[in-house]
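Structure first, then comments.
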Amino acid sequence: MGRLLWIIFGVIGFGLILLLINHESGQTLGLPNDRFASLLYLGVLGTVVSVAVLGSRNRLGEMARNAIIWLIAILVLCTVYVYRYELQDVGMRLASGLVPGTPISRVASNGDVEVVLAKGQGGHFQARTLINGQKLNMLVDTGASTIALSYVDAERIGLDMGSLRFIQPVRTANGTAMAAPVILPEVTIGQISRSNVRAGVLERGKLSESLLGMSFLETLGSFQMSRDELVLRD
């Protein structure tokens with residue numbers, strides 16, 4: 001009985017994970033999420049009934065205890081599915097706190113897409129950005145006219161370093177440096193994406209962390225910076 005109990009809990013947990021992962025697509029294993037959740041619920045309920053019938057030889061007290069456990073499991077399944085969006089938001093906010101720069105995507109009341117960035121420990125806003133399929137941690141800098149990539153990050157996203165021409169002077173915290181202008185095919189933060197974004201690659205060793213500058217930020221509907229979070233609106 002104990003082993004069967006753990007198997008059922010495992011099935012419930014696996015089903016919940018599938019629902020949470022596929023909530024945006026609306027389908028799980030080829031079925032609408034609501035139907036999949038109903039089948040999962042009926043499967044657990046059928047198992048409860050089957051175990052109760054097969055275990056009729058057990059003492060009444062043990063049967064009642066097992067029935068309560070199954071009932072709790074069903075209630076947990078239903079509760080988690082009903083509040084799946086709220087739980088996902090809590091999980092993403094927790095991830096944002098533990099991993100600075102993790103974007104939290106949401107839909108505003110007017111239907112616009114928003115991405116929220118939490119302030120890091122150093123008092124700066126960071127953004128986990130996807131460029132050319134590679135994830136980069138970038139520092140949000142409204143004072144930078146374009147995206148500024150460090151030499152190392154430029155190599156990481158697969159730019160042709162041999163073709164770069166460092167002809168543009170830029171001012172950095174370490175003084176004046178030369179940058180090579182480039183066009184990034186796509187820059188993505190959370191659910192906000194922009195194509196053909198202007199950027200500059202700085203000479204090796206001139207920039208320790210890439211900067212998310214105005215060539216991306218100015219394409220947004222708006223961005224609002226508060227004490228603890230930065231909201232980007234598509």
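How things are named: the first chain in the structure tokens is A, the next is B, and so on; residues count from 1 in each chain; ligands count from 1 in the order shown.
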> What lies within 12 Å of A:Gly133 using only C-alpha atoms, ignoring chain neighbours under 4 positions off, as a VMD selection string?
Replying inline: chain A and resid 129 156 to 158 184 to 189
>> Between atom CA of A:Met214 and atom CA of A:Gly143, what is the distance in Å, rounded to a tenth?
In response: 7.5 Å
> Smallest atom-to-atom distance to A:Glu203: which of A:Val115, A:Ile68, A:Ile131, A:Met178, using only C-alpha atoms?
Replying inline: A:Met178
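Across A:Leu211, A:Val182, A:Ala177, A:Leu159, the tightest approach to A:Asn137 is made by A:Leu211 when counting only C-alpha atoms.
The nearest approach to A:Ala179 among the residues A:Leu202, A:Met161, A:Ala118, A:Leu207, with only C-alpha atoms taken into account, belongs to A:Leu202.
Compared by their closest atoms to A:Glu218, and using only C-alpha atoms, the residues A:Ala154, A:Ala37, A:Leu232, A:Val76 rank with A:Leu232 nearest.
If only C-alpha atoms are the atoms counted, then among A:Leu130, A:Leu77, A:Ile17, A:Ile147 the closest residue to A:Leu40 is A:Leu77.
Straight-line separation from atom CA of A:Leu220 to atom CA of A:Leu117: 14.6 Å.
If you measure from each of A:Leu71, A:Leu39, A:Ala199, A:Val107 to A:Ala148 using only C-alpha atoms, the closest one turns out to be A:Ala199.
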> Which residues come within 7 Å of A:Ala127, counting only C-alpha atoms, excluding same-chain residues fewer than 4 positions away, as a ChimeraX atom specification?
Replying inline: /A:101-103,117,137-140
Give me a file of those residues, with N, CA and C atoms, as an mmCIF file, in the first residue's frame.
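Saved file part.cif follows:
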data_model
loop_
_atom_site.group_PDB
_atom_site.id
_atom_site.type_symbol
_atom_site.label_atom_id
_atom_site.label_comp_id
_atom_site.auth_asym_id
_atom_site.auth_seq_id
_atom_site.Cartn_x
_atom_site.Cartn_y
_atom_site.Cartn_z
ATOM 1 N N GLY A 101 18.245 39.550 -12.662
ATOM 2 C CA GLY A 101 18.123 39.709 -14.107
ATOM 3 C C GLY A 101 17.133 38.772 -14.760
ATOM 4 N N THR A 102 16.596 37.817 -14.003
ATOM 5 C CA THR A 102 15.610 36.900 -14.576
ATOM 6 C C THR A 102 14.351 37.675 -14.946
ATOM 7 N N PRO A 103 13.950 37.710 -16.218
ATOM 8 C CA PRO A 103 12.776 38.503 -16.621
ATOM 9 C C PRO A 103 11.476 37.819 -16.232
ATOM 10 N N LEU A 117 11.956 43.440 -14.321
ATOM 11 C CA LEU A 117 13.296 43.092 -13.877
ATOM 12 C C LEU A 117 13.479 43.588 -12.448
ATOM 13 N N ASN A 137 24.029 38.012 -19.612
ATOM 14 C CA ASN A 137 23.648 38.883 -18.514
ATOM 15 C C ASN A 137 24.107 40.296 -18.850
ATOM 16 N N MET A 138 23.163 41.219 -18.937
ATOM 17 C CA MET A 138 23.487 42.578 -19.336
ATOM 18 C C MET A 138 23.040 43.559 -18.263
ATOM 19 N N LEU A 139 23.770 44.647 -18.151
ATOM 20 C CA LEU A 139 23.444 45.715 -17.214
ATOM 21 C C LEU A 139 22.610 46.759 -17.944
ATOM 22 N N VAL A 140 21.446 47.087 -17.389
ATOM 23 C CA VAL A 140 20.593 48.102 -18.014
ATOM 24 C C VAL A 140 21.224 49.472 -17.800
#
